[in-house]
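Each remark here refers to the structure printed beneath this line.
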Amino acid sequence: MIEFETKNVEMPALDFAKVEEWLGEVAAAHERRIGNLNYLFCDDEEILRVNRKFLHHDYYTDIITFDYSHRDRVGGDLFISLDTVRSNADGLGVEYESELLRVIVHGLLHLCGIDDKGPGEREIMESHEDAALKLWASVK
């Protein structure tokens, strides 16, 4: 089950039925099933609060993922700062929706076991993101 909520921001204008189907297909491509996923779209101040409180990091970020996965069933709480997503999209010269979809799937890919902090891992994560975004185009 996938839930989408907001705090201090308006809900993004996405086709959430399509997003759910897409995330299910991405999970299946990684031999996983969707469990309970809770996406919380928020502002920079909320993600900074979460980052400080739970991770003891004092900086803004686009996504924080808390992993509650069990075996092949992915689950977790995913906090996404729409402020940071927008500024990243502007800085990268990409459409806001494309960047938002990249961040949404980035969190799911973490839950599927893909990391991006170690040597060479960022490139691996980006290749999985790119593959997922290509899959987005084929979801009806």
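Letters A, B, ... mark the chains of the structure tokens in the order given; residue numbers begin at 1 per chain; ligand numbers begin at 1, in order shown.
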
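DSSP, applied to the backbone of this structure, assigns strand (DSSP E) to the following residues of stretch 5-92 of chain A: A:Glu5, A:Thr6, A:Lys7, A:Arg33, A:Ile34, A:Gly35, A:Asn36, A:Leu37, A:Asn38, A:Tyr39, A:Leu40, A:Phe41, A:Cys42, A:Ile63, A:Ile64, A:Thr65, A:Phe66, A:Asp67, A:Arg73, A:Val74, A:Gly75, A:Gly76, A:Asp77, A:Leu78, A:Phe79, A:Ile80, A:Ser81.
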
Skipping near chain neighbours, those fewer than 6 positions away, what residues fall within 8 Å of stretch 104-112 of chain A using only C-alpha atoms, listed as a short mmCIF file (atom, residue, chain, number, x, y, z; two decimals) with N, CA, C and O atoms, in the first residue's frame?
data_model
loop_
_atom_site.label_atom_id
_atom_site.label_comp_id
_atom_site.auth_asym_id
_atom_site.auth_seq_id
_atom_site.Cartn_x
_atom_site.Cartn_y
_atom_site.Cartn_z
N LEU A 23 5.83 2.42 -9.42
CA LEU A 23 6.66 1.97 -8.31
C LEU A 23 6.56 0.46 -8.13
O LEU A 23 7.56 -0.21 -7.82
N ALA A 27 9.75 -1.98 -8.33
CA ALA A 27 10.04 -2.95 -7.27
C ALA A 27 10.14 -4.36 -7.84
O ALA A 27 11.07 -5.11 -7.52
N HIS A 30 13.26 -5.35 -9.40
CA HIS A 30 14.32 -5.62 -8.43
C HIS A 30 13.96 -6.78 -7.51
O HIS A 30 14.50 -6.91 -6.41
N ARG A 32 11.29 -7.36 -5.81
CA ARG A 32 10.68 -6.91 -4.56
C ARG A 32 9.19 -6.68 -4.78
O ARG A 32 8.73 -6.53 -5.91
N ILE A 63 15.60 14.09 -0.10
CA ILE A 63 14.85 12.94 0.40
C ILE A 63 15.55 12.30 1.58
O ILE A 63 16.79 12.24 1.64
N ILE A 64 14.74 11.85 2.52
CA ILE A 64 15.21 11.02 3.63
C ILE A 64 14.33 9.77 3.62
O ILE A 64 13.10 9.87 3.59
N THR A 65 14.97 8.61 3.64
CA THR A 65 14.25 7.35 3.57
C THR A 65 14.50 6.54 4.83
O THR A 65 15.66 6.27 5.17
N ASP A 67 13.86 2.91 6.29
CA ASP A 67 13.63 1.59 5.72
C ASP A 67 13.01 0.64 6.75
O ASP A 67 13.61 0.36 7.78
N SER A 69 11.70 -2.35 5.45
CA SER A 69 11.52 -3.50 4.56
C SER A 69 11.76 -4.80 5.32
O SER A 69 12.53 -4.85 6.28
N VAL A 74 9.19 -4.31 0.31
CA VAL A 74 9.75 -3.01 0.66
C VAL A 74 8.72 -2.17 1.40
O VAL A 74 7.54 -2.18 1.07
N GLY A 75 9.20 -1.48 2.40
CA GLY A 75 8.34 -0.60 3.17
C GLY A 75 9.18 0.50 3.79
O GLY A 75 10.38 0.31 4.04
N GLY A 76 8.55 1.63 4.03
CA GLY A 76 9.29 2.71 4.66
C GLY A 76 8.55 4.01 4.63
O GLY A 76 7.49 4.15 4.03
N LEU A 78 9.16 7.91 3.55
CA LEU A 78 10.03 8.69 2.66
C LEU A 78 9.61 10.14 2.72
O LEU A 78 8.49 10.49 2.34
N ILE A 80 10.14 13.88 1.38
CA ILE A 80 10.67 14.56 0.20
C ILE A 80 10.41 16.05 0.33
O ILE A 80 9.26 16.49 0.46
N MET A 125 23.41 3.85 -8.82
CA MET A 125 22.09 4.39 -8.47
C MET A 125 21.52 5.17 -9.65
O MET A 125 20.35 5.00 -10.01
N HIS A 128 20.11 2.98 -12.32
CA HIS A 128 18.82 2.41 -11.93
C HIS A 128 17.72 3.48 -12.00
O HIS A 128 16.59 3.17 -12.40
N GLU A 129 18.03 4.70 -11.62
CA GLU A 129 17.06 5.80 -11.74
C GLU A 129 16.70 6.02 -13.20
O GLU A 129 15.51 6.15 -13.53
N ALA A 132 14.43 3.33 -14.41
CA ALA A 132 13.08 3.50 -13.84
C ALA A 132 12.35 4.63 -14.55
O ALA A 132 11.13 4.52 -14.82
#

Could you name the residues that touch A:Thr6 at 8 Å or less, counting only C-alpha atoms, but leaving out those on the same chain fewer than 3 positions away, as a PDB file with all heavy atoms, in the first residue's frame?
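Output saved as around-v6.pdb:
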ATOM      1  N   VAL A   9       3.115  21.971   2.450  1.00  0.00           N
ATOM      2  CA  VAL A   9       3.167  22.179   0.997  1.00  0.00           C
ATOM      3  C   VAL A   9       1.878  21.648   0.386  1.00  0.00           C
ATOM      4  O   VAL A   9       1.157  20.880   1.022  1.00  0.00           O
ATOM      5  CB  VAL A   9       4.375  21.459   0.340  1.00  0.00           C
ATOM      6  CG1 VAL A   9       5.692  22.018   0.828  1.00  0.00           C
ATOM      7  CG2 VAL A   9       4.304  19.955   0.554  1.00  0.00           C
ATOM      8  N   GLU A  10       1.620  22.052  -0.859  1.00  0.00           N
ATOM      9  CA  GLU A  10       0.489  21.490  -1.597  1.00  0.00           C
ATOM     10  C   GLU A  10       0.910  20.176  -2.236  1.00  0.00           C
ATOM     11  O   GLU A  10       2.081  19.983  -2.586  1.00  0.00           O
ATOM     12  CB  GLU A  10       0.030  22.462  -2.687  1.00  0.00           C
ATOM     13  CG  GLU A  10      -0.657  23.691  -2.128  1.00  0.00           C
ATOM     14  CD  GLU A  10      -1.249  24.557  -3.231  1.00  0.00           C
ATOM     15  OE1 GLU A  10      -1.594  24.012  -4.311  1.00  0.00           O
ATOM     16  OE2 GLU A  10      -1.364  25.767  -3.003  1.00  0.00           O
ATOM     17  N   MET A  11      -0.062  19.292  -2.384  1.00  0.00           N
ATOM     18  CA  MET A  11       0.209  17.998  -3.030  1.00  0.00           C
ATOM     19  C   MET A  11       0.685  18.250  -4.466  1.00  0.00           C
ATOM     20  O   MET A  11       0.072  19.031  -5.199  1.00  0.00           O
ATOM     21  CB  MET A  11      -1.065  17.148  -3.041  1.00  0.00           C
ATOM     22  CG  MET A  11      -0.867  15.736  -3.538  1.00  0.00           C
ATOM     23  SD  MET A  11       0.222  14.713  -2.531  1.00  0.00           S
ATOM     24  CE  MET A  11      -0.824  14.349  -1.119  1.00  0.00           C
ATOM     25  N   LEU A  40       5.873  11.424   2.290  1.00  0.00           N
ATOM     26  CA  LEU A  40       5.450  12.685   2.877  1.00  0.00           C
ATOM     27  C   LEU A  40       6.173  13.810   2.151  1.00  0.00           C
ATOM     28  O   LEU A  40       7.397  13.930   2.248  1.00  0.00           O
ATOM     29  CB  LEU A  40       5.757  12.760   4.366  1.00  0.00           C
ATOM     30  CG  LEU A  40       5.348  14.081   5.004  1.00  0.00           C
ATOM     31  CD1 LEU A  40       3.828  14.145   5.140  1.00  0.00           C
ATOM     32  CD2 LEU A  40       6.015  14.287   6.337  1.00  0.00           C
ATOM     33  N   PHE A  41       5.413  14.580   1.380  1.00  0.00           N
ATOM     34  CA  PHE A  41       5.962  15.739   0.686  1.00  0.00           C
ATOM     35  C   PHE A  41       5.932  16.899   1.659  1.00  0.00           C
ATOM     36  O   PHE A  41       4.896  17.187   2.274  1.00  0.00           O
ATOM     37  CB  PHE A  41       5.146  16.055  -0.566  1.00  0.00           C
ATOM     38  CG  PHE A  41       5.107  14.919  -1.548  1.00  0.00           C
ATOM     39  CD1 PHE A  41       3.946  14.180  -1.742  1.00  0.00           C
ATOM     40  CD2 PHE A  41       6.227  14.583  -2.287  1.00  0.00           C
ATOM     41  CE1 PHE A  41       3.903  13.140  -2.650  1.00  0.00           C
ATOM     42  CE2 PHE A  41       6.200  13.535  -3.199  1.00  0.00           C
ATOM     43  CZ  PHE A  41       5.036  12.809  -3.378  1.00  0.00           C
ATOM     44  N   CYS A  42       7.072  17.579   1.799  1.00  0.00           N
ATOM     45  CA  CYS A  42       7.166  18.644   2.797  1.00  0.00           C
ATOM     46  C   CYS A  42       8.014  19.794   2.264  1.00  0.00           C
ATOM     47  O   CYS A  42       8.453  19.775   1.112  1.00  0.00           O
ATOM     48  CB  CYS A  42       7.757  18.091   4.100  1.00  0.00           C
ATOM     49  SG  CYS A  42       9.431  17.414   3.941  1.00  0.00           S
TER      50      CYS A  42
END

| field | Spatial neighbours of A:Val139, 8 Å, only C-alpha atoms, chain gap at least 5 places, as a list in words | value | Lys18, Glu21 and Trp22 of chain A

Convert the current residue selection to file output with C-alpha atoms, as a PDB file, in the first residue's frame.
ATOM      1  CA  LYS A  18       0.248   5.885 -12.374  1.00  0.00           C
ATOM      2  CA  GLU A  21       1.720   1.265 -10.725  1.00  0.00           C
ATOM      3  CA  TRP A  22       5.172   2.489 -11.759  1.00  0.00           C
TER       4      TRP A  22
END

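Residue nearest A:Asp72 within the list A:Gly35, A:Glu123, A:Lys134, A:Glu3: A:Gly35 [criterion: smallest interatomic distance, only C-alpha atoms].
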
DSSP-assigned helix (DSSP H, G or I) members of chain A, reported as an mmCIF file with N, CA, C and O atoms, in the first residue's frame:
data_model
loop_
_atom_site.group_PDB
_atom_site.id
_atom_site.type_symbol
_atom_site.label_atom_id
_atom_site.label_comp_id
_atom_site.auth_asym_id
_atom_site.auth_seq_id
_atom_site.Cartn_x
_atom_site.Cartn_y
_atom_site.Cartn_z
ATOM 1 N N PHE A 16 -1.213 9.953 -9.336
ATOM 2 C CA PHE A 16 -0.718 9.052 -8.298
ATOM 3 C C PHE A 16 -1.084 7.592 -8.550
ATOM 4 O O PHE A 16 -0.366 6.700 -8.095
ATOM 5 N N ALA A 17 -2.144 7.321 -9.294
ATOM 6 C CA ALA A 17 -2.440 5.942 -9.678
ATOM 7 C C ALA A 17 -1.315 5.416 -10.574
ATOM 8 O O ALA A 17 -0.851 4.277 -10.426
ATOM 9 N N LYS A 18 -0.863 6.255 -11.499
ATOM 10 C CA LYS A 18 0.248 5.885 -12.374
ATOM 11 C C LYS A 18 1.539 5.739 -11.573
ATOM 12 O O LYS A 18 2.318 4.809 -11.795
ATOM 13 N N VAL A 19 1.764 6.634 -10.606
ATOM 14 C CA VAL A 19 2.959 6.552 -9.768
ATOM 15 C C VAL A 19 2.973 5.223 -9.013
ATOM 16 O O VAL A 19 3.997 4.540 -8.959
ATOM 17 N N GLU A 20 1.828 4.839 -8.454
ATOM 18 C CA GLU A 20 1.749 3.579 -7.712
ATOM 19 C C GLU A 20 2.056 2.384 -8.611
ATOM 20 O O GLU A 20 2.808 1.483 -8.219
ATOM 21 N N GLU A 21 1.461 2.366 -9.792
ATOM 22 C CA GLU A 21 1.720 1.265 -10.725
ATOM 23 C C GLU A 21 3.192 1.220 -11.102
ATOM 24 O O GLU A 21 3.818 0.150 -11.124
ATOM 25 N N TRP A 22 3.761 2.382 -11.385
ATOM 26 C CA TRP A 22 5.172 2.489 -11.759
ATOM 27 C C TRP A 22 6.083 1.984 -10.641
ATOM 28 O O TRP A 22 6.990 1.183 -10.890
ATOM 29 N N LEU A 23 5.830 2.415 -9.425
ATOM 30 C CA LEU A 23 6.659 1.969 -8.312
ATOM 31 C C LEU A 23 6.558 0.458 -8.129
ATOM 32 O O LEU A 23 7.556 -0.206 -7.825
ATOM 33 N N GLY A 24 5.374 -0.092 -8.340
ATOM 34 C CA GLY A 24 5.212 -1.541 -8.272
ATOM 35 C C GLY A 24 6.044 -2.249 -9.322
ATOM 36 O O GLY A 24 6.666 -3.290 -9.047
ATOM 37 N N GLU A 25 6.075 -1.696 -10.533
ATOM 38 C CA GLU A 25 6.870 -2.287 -11.611
ATOM 39 C C GLU A 25 8.368 -2.166 -11.336
ATOM 40 O O GLU A 25 9.133 -3.093 -11.607
ATOM 41 N N VAL A 26 8.784 -1.025 -10.783
ATOM 42 C CA VAL A 26 10.198 -0.850 -10.439
ATOM 43 C C VAL A 26 10.591 -1.845 -9.351
ATOM 44 O O VAL A 26 11.636 -2.501 -9.441
ATOM 45 N N ALA A 27 9.753 -1.979 -8.335
ATOM 46 C CA ALA A 27 10.040 -2.948 -7.267
ATOM 47 C C ALA A 27 10.136 -4.356 -7.845
ATOM 48 O O ALA A 27 11.071 -5.105 -7.517
ATOM 49 N N ALA A 28 9.205 -4.720 -8.709
ATOM 50 C CA ALA A 28 9.210 -6.058 -9.314
ATOM 51 C C ALA A 28 10.483 -6.293 -10.133
ATOM 52 O O ALA A 28 11.036 -7.398 -10.124
ATOM 53 N N ALA A 29 10.959 -5.263 -10.811
ATOM 54 C CA ALA A 29 12.191 -5.380 -11.591
ATOM 55 C C ALA A 29 13.396 -5.668 -10.695
ATOM 56 O O ALA A 29 14.420 -6.160 -11.165
ATOM 57 N N ASP A 44 11.397 22.636 3.031
ATOM 58 C CA ASP A 44 12.775 22.517 3.492
ATOM 59 C C ASP A 44 12.876 22.494 5.010
ATOM 60 O O ASP A 44 13.689 21.759 5.566
ATOM 61 N N GLU A 45 12.069 23.305 5.676
ATOM 62 C CA GLU A 45 12.172 23.376 7.140
ATOM 63 C C GLU A 45 11.790 22.044 7.783
ATOM 64 O O GLU A 45 12.413 21.625 8.761
ATOM 65 N N GLU A 46 10.802 21.363 7.249
ATOM 66 C CA GLU A 46 10.401 20.069 7.812
ATOM 67 C C GLU A 46 11.471 19.011 7.566
ATOM 68 O O GLU A 46 11.785 18.216 8.455
ATOM 69 N N ILE A 47 12.049 18.985 6.379
ATOM 70 C CA ILE A 47 13.066 17.959 6.128
ATOM 71 C C ILE A 47 14.315 18.241 6.950
ATOM 72 O O ILE A 47 14.971 17.311 7.423
ATOM 73 N N LEU A 48 14.622 19.507 7.189
ATOM 74 C CA LEU A 48 15.749 19.847 8.054
ATOM 75 C C LEU A 48 15.470 19.380 9.481
ATOM 76 O O LEU A 48 16.353 18.831 10.151
ATOM 77 N N ARG A 49 14.250 19.556 9.950
ATOM 78 C CA ARG A 49 13.872 19.110 11.293
ATOM 79 C C ARG A 49 14.041 17.596 11.419
ATOM 80 O O ARG A 49 14.622 17.091 12.382
ATOM 81 N N VAL A 50 13.557 16.861 10.413
ATOM 82 C CA VAL A 50 13.675 15.399 10.418
ATOM 83 C C VAL A 50 15.146 14.990 10.346
ATOM 84 O O VAL A 50 15.589 14.082 11.070
ATOM 85 N N ASN A 51 15.904 15.646 9.513
ATOM 86 C CA ASN A 51 17.324 15.335 9.357
ATOM 87 C C ASN A 51 18.069 15.538 10.678
ATOM 88 O O ASN A 51 18.893 14.716 11.068
ATOM 89 N N ARG A 52 17.776 16.639 11.365
ATOM 90 C CA ARG A 52 18.422 16.911 12.651
ATOM 91 C C ARG A 52 17.987 15.913 13.720
ATOM 92 O O ARG A 52 18.819 15.379 14.454
ATOM 93 N N LYS A 53 16.693 15.688 13.815
ATOM 94 C CA LYS A 53 16.147 14.865 14.897
ATOM 95 C C LYS A 53 16.540 13.396 14.791
ATOM 96 O O LYS A 53 16.933 12.776 15.781
ATOM 97 N N PHE A 54 16.423 12.835 13.605
ATOM 98 C CA PHE A 54 16.611 11.394 13.458
ATOM 99 C C PHE A 54 17.989 10.988 12.944
ATOM 100 O O PHE A 54 18.459 9.889 13.256
ATOM 101 N N LEU A 55 18.618 11.824 12.152
ATOM 102 C CA LEU A 55 19.905 11.465 11.563
ATOM 103 C C LEU A 55 21.065 12.299 12.097
ATOM 104 O O LEU A 55 22.220 12.041 11.765
ATOM 105 N N LEU A 82 9.888 19.297 -1.311
ATOM 106 C CA LEU A 82 9.559 19.836 -2.636
ATOM 107 C C LEU A 82 10.350 21.113 -2.924
ATOM 108 O O LEU A 82 10.636 21.400 -4.091
ATOM 109 N N ASP A 83 10.730 21.856 -1.883
ATOM 110 C CA ASP A 83 11.563 23.048 -2.084
ATOM 111 C C ASP A 83 12.908 22.650 -2.692
ATOM 112 O O ASP A 83 13.363 23.254 -3.670
ATOM 113 N N THR A 84 13.543 21.643 -2.109
ATOM 114 C CA THR A 84 14.851 21.207 -2.606
ATOM 115 C C THR A 84 14.723 20.557 -3.976
ATOM 116 O O THR A 84 15.572 20.773 -4.849
ATOM 117 N N VAL A 85 13.668 19.797 -4.193
ATOM 118 C CA VAL A 85 13.455 19.193 -5.518
ATOM 119 C C VAL A 85 13.361 20.296 -6.567
ATOM 120 O O VAL A 85 13.991 20.200 -7.631
ATOM 121 N N ARG A 86 12.600 21.350 -6.254
ATOM 122 C CA ARG A 86 12.447 22.444 -7.220
ATOM 123 C C ARG A 86 13.786 23.145 -7.475
ATOM 124 O O ARG A 86 14.160 23.406 -8.620
ATOM 125 N N SER A 87 14.531 23.445 -6.423
ATOM 126 C CA SER A 87 15.810 24.138 -6.623
ATOM 127 C C SER A 87 16.814 23.239 -7.352
ATOM 128 O O SER A 87 17.589 23.724 -8.183
ATOM 129 N N ASN A 88 16.784 21.933 -7.071
ATOM 130 C CA ASN A 88 17.664 21.012 -7.808
ATOM 131 C C ASN A 88 17.285 20.957 -9.283
ATOM 132 O O ASN A 88 18.162 20.943 -10.152
ATOM 133 N N ALA A 89 15.986 20.909 -9.562
ATOM 134 C CA ALA A 89 15.535 20.888 -10.963
ATOM 135 C C ALA A 89 16.010 22.143 -11.687
ATOM 136 O O ALA A 89 16.524 22.056 -12.809
ATOM 137 N N ASP A 90 15.834 23.293 -11.037
ATOM 138 C CA ASP A 90 16.285 24.553 -11.644
ATOM 139 C C ASP A 90 17.789 24.535 -11.885
ATOM 140 O O ASP A 90 18.268 24.925 -12.952
ATOM 141 N N GLY A 91 18.546 24.060 -10.891
ATOM 142 C CA GLY A 91 20.007 24.027 -11.009
ATOM 143 C C GLY A 91 20.499 23.064 -12.074
ATOM 144 O O GLY A 91 21.522 23.302 -12.707
ATOM 145 N N LEU A 92 19.757 21.976 -12.264
ATOM 146 C CA LEU A 92 20.141 20.979 -13.272
ATOM 147 C C LEU A 92 19.570 21.274 -14.649
ATOM 148 O O LEU A 92 19.934 20.626 -15.631
ATOM 149 N N TYR A 96 10.656 20.133 -13.381
ATOM 150 C CA TYR A 96 10.346 19.844 -11.978
ATOM 151 C C TYR A 96 9.750 18.442 -11.825
ATOM 152 O O TYR A 96 10.165 17.678 -10.960
ATOM 153 N N GLU A 97 8.778 18.075 -12.664
ATOM 154 C CA GLU A 97 8.142 16.762 -12.538
ATOM 155 C C GLU A 97 9.149 15.639 -12.735
ATOM 156 O O GLU A 97 9.116 14.636 -12.015
ATOM 157 N N SER A 98 10.056 15.785 -13.682
ATOM 158 C CA SER A 98 11.070 14.747 -13.910
ATOM 159 C C SER A 98 11.968 14.579 -12.691
ATOM 160 O O SER A 98 12.283 13.457 -12.289
ATOM 161 N N GLU A 99 12.367 15.695 -12.106
ATOM 162 C CA GLU A 99 13.216 15.629 -10.921
ATOM 163 C C GLU A 99 12.448 15.030 -9.743
ATOM 164 O O GLU A 99 12.990 14.228 -8.975
ATOM 165 N N LEU A 100 11.181 15.379 -9.602
ATOM 166 C CA LEU A 100 10.366 14.822 -8.526
ATOM 167 C C LEU A 100 10.222 13.306 -8.694
ATOM 168 O O LEU A 100 10.368 12.551 -7.725
ATOM 169 N N LEU A 101 9.972 12.848 -9.904
ATOM 170 C CA LEU A 101 9.872 11.408 -10.147
ATOM 171 C C LEU A 101 11.197 10.711 -9.853
ATOM 172 O O LEU A 101 11.222 9.614 -9.277
ATOM 173 N N ARG A 102 12.304 11.345 -10.211
ATOM 174 C CA ARG A 102 13.619 10.770 -9.927
ATOM 175 C C ARG A 102 13.808 10.597 -8.423
ATOM 176 O O ARG A 102 14.253 9.550 -7.953
ATOM 177 N N VAL A 103 13.408 11.601 -7.648
ATOM 178 C CA VAL A 103 13.572 11.535 -6.198
ATOM 179 C C VAL A 103 12.623 10.492 -5.601
ATOM 180 O O VAL A 103 13.010 9.730 -4.706
ATOM 181 N N ILE A 104 11.398 10.437 -6.094
ATOM 182 C CA ILE A 104 10.439 9.435 -5.612
ATOM 183 C C ILE A 104 11.004 8.026 -5.813
ATOM 184 O O ILE A 104 10.967 7.192 -4.903
ATOM 185 N N VAL A 105 11.532 7.743 -6.989
ATOM 186 C CA VAL A 105 12.042 6.403 -7.263
ATOM 187 C C VAL A 105 13.384 6.171 -6.576
ATOM 188 O O VAL A 105 13.709 5.039 -6.206
ATOM 189 N N HIS A 106 14.144 7.222 -6.355
ATOM 190 C CA HIS A 106 15.423 7.113 -5.644
ATOM 191 C C HIS A 106 15.196 6.474 -4.268
ATOM 192 O O HIS A 106 15.922 5.558 -3.868
ATOM 193 N N GLY A 107 14.169 6.956 -3.571
ATOM 194 C CA GLY A 107 13.859 6.391 -2.265
ATOM 195 C C GLY A 107 13.490 4.927 -2.350
ATOM 196 O O GLY A 107 13.936 4.104 -1.535
ATOM 197 N N LEU A 108 12.670 4.573 -3.327
ATOM 198 C CA LEU A 108 12.291 3.171 -3.502
ATOM 199 C C LEU A 108 13.515 2.316 -3.809
ATOM 200 O O LEU A 108 13.656 1.201 -3.286
ATOM 201 N N LEU A 109 14.413 2.823 -4.638
ATOM 202 C CA LEU A 109 15.614 2.064 -4.981
ATOM 203 C C LEU A 109 16.483 1.814 -3.751
ATOM 204 O O LEU A 109 17.070 0.738 -3.608
ATOM 205 N N HIS A 110 16.545 2.785 -2.840
ATOM 206 C CA HIS A 110 17.242 2.536 -1.577
ATOM 207 C C HIS A 110 16.596 1.362 -0.843
ATOM 208 O O HIS A 110 17.288 0.496 -0.309
ATOM 209 N N LEU A 111 15.273 1.338 -0.814
ATOM 210 C CA LEU A 111 14.561 0.260 -0.136
ATOM 211 C C LEU A 111 14.791 -1.089 -0.822
ATOM 212 O O LEU A 111 14.652 -2.137 -0.194
ATOM 213 N N GLU A 121 29.088 3.812 -6.280
ATOM 214 C CA GLU A 121 27.672 3.526 -6.045
ATOM 215 C C GLU A 121 26.739 4.583 -6.628
ATOM 216 O O GLU A 121 25.629 4.256 -7.047
ATOM 217 N N ARG A 122 27.174 5.829 -6.660
ATOM 218 C CA ARG A 122 26.318 6.887 -7.221
ATOM 219 C C ARG A 122 25.995 6.595 -8.682
ATOM 220 O O ARG A 122 24.856 6.743 -9.116
ATOM 221 N N GLU A 123 26.980 6.147 -9.435
ATOM 222 C CA GLU A 123 26.753 5.837 -10.849
ATOM 223 C C GLU A 123 25.786 4.660 -11.006
ATOM 224 O O GLU A 123 24.960 4.658 -11.923
ATOM 225 N N ILE A 124 25.902 3.679 -10.121
ATOM 226 C CA ILE A 124 24.982 2.537 -10.154
ATOM 227 C C ILE A 124 23.563 3.008 -9.857
ATOM 228 O O ILE A 124 22.619 2.636 -10.560
ATOM 229 N N MET A 125 23.413 3.854 -8.817
ATOM 230 C CA MET A 125 22.093 4.386 -8.472
ATOM 231 C C MET A 125 21.523 5.173 -9.649
ATOM 232 O O MET A 125 20.355 5.000 -10.013
ATOM 233 N N GLU A 126 22.334 6.019 -10.257
ATOM 234 C CA GLU A 126 21.852 6.829 -11.382
ATOM 235 C C GLU A 126 21.417 5.963 -12.552
ATOM 236 O O GLU A 126 20.429 6.267 -13.219
ATOM 237 N N SER A 127 22.096 4.857 -12.791
ATOM 238 C CA SER A 127 21.683 3.977 -13.895
ATOM 239 C C SER A 127 20.335 3.327 -13.580
ATOM 240 O O SER A 127 19.500 3.182 -14.474
ATOM 241 N N HIS A 128 20.114 2.979 -12.321
ATOM 242 C CA HIS A 128 18.816 2.414 -11.931
ATOM 243 C C HIS A 128 17.718 3.479 -12.001
ATOM 244 O O HIS A 128 16.588 3.171 -12.404
ATOM 245 N N GLU A 129 18.033 4.703 -11.616
ATOM 246 C CA GLU A 129 17.064 5.798 -11.737
ATOM 247 C C GLU A 129 16.696 6.016 -13.201
ATOM 248 O O GLU A 129 15.510 6.153 -13.533
ATOM 249 N N ASP A 130 17.704 6.048 -14.060
ATOM 250 C CA ASP A 130 17.455 6.254 -15.491
ATOM 251 C C ASP A 130 16.570 5.141 -16.067
ATOM 252 O O ASP A 130 15.643 5.414 -16.830
ATOM 253 N N ALA A 131 16.844 3.906 -15.677
ATOM 254 C CA ALA A 131 16.027 2.779 -16.150
ATOM 255 C C ALA A 131 14.594 2.913 -15.658
ATOM 256 O O ALA A 131 13.640 2.670 -16.398
ATOM 257 N N ALA A 132 14.430 3.328 -14.407
ATOM 258 C CA ALA A 132 13.080 3.504 -13.842
ATOM 259 C C ALA A 132 12.346 4.630 -14.552
ATOM 260 O O ALA A 132 11.135 4.520 -14.817
ATOM 261 N N LEU A 133 13.043 5.717 -14.856
ATOM 262 C CA LEU A 133 12.390 6.831 -15.553
ATOM 263 C C LEU A 133 11.995 6.438 -16.977
ATOM 264 O O LEU A 133 10.967 6.902 -17.480
ATOM 265 N N LYS A 134 12.750 5.574 -17.623
ATOM 266 C CA LYS A 134 12.340 5.059 -18.933
ATOM 267 C C LYS A 134 11.078 4.209 -18.791
ATOM 268 O O LYS A 134 10.199 4.252 -19.642
ATOM 269 N N LEU A 135 11.012 3.444 -17.727
ATOM 270 C CA LEU A 135 9.838 2.622 -17.461
ATOM 271 C C LEU A 135 8.599 3.499 -17.236
ATOM 272 O O LEU A 135 7.499 3.151 -17.648
ATOM 273 N N TRP A 136 8.779 4.663 -16.607
ATOM 274 C CA TRP A 136 7.680 5.607 -16.367
ATOM 275 C C TRP A 136 6.944 5.923 -17.673
ATOM 276 O O TRP A 136 5.729 5.963 -17.707
ATOM 277 N N ALA A 137 7.706 6.114 -18.726
ATOM 278 C CA ALA A 137 7.132 6.491 -20.016
ATOM 279 C C ALA A 137 6.219 5.387 -20.571
ATOM 280 O O ALA A 137 5.312 5.666 -21.355
ATOM 281 N N SER A 138 6.464 4.129 -20.166
ATOM 282 C CA SER A 138 5.667 3.025 -20.703
ATOM 283 C C SER A 138 4.448 2.683 -19.836
ATOM 284 O O SER A 138 3.609 1.892 -20.268
#

| message | Please report the interatomic distance between atom CA of A:Gly113 and atom CA of A:Tyr39 in Å with one decimal. | response | 18.0 Å

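Summary of the local environment: counting only C-alpha atoms, residues at most 7 Å from A:Ile2, other than itself and those fewer than 5 positions away along its chain, are Glu20, Asn36, Leu37 and Asn38 of chain A.
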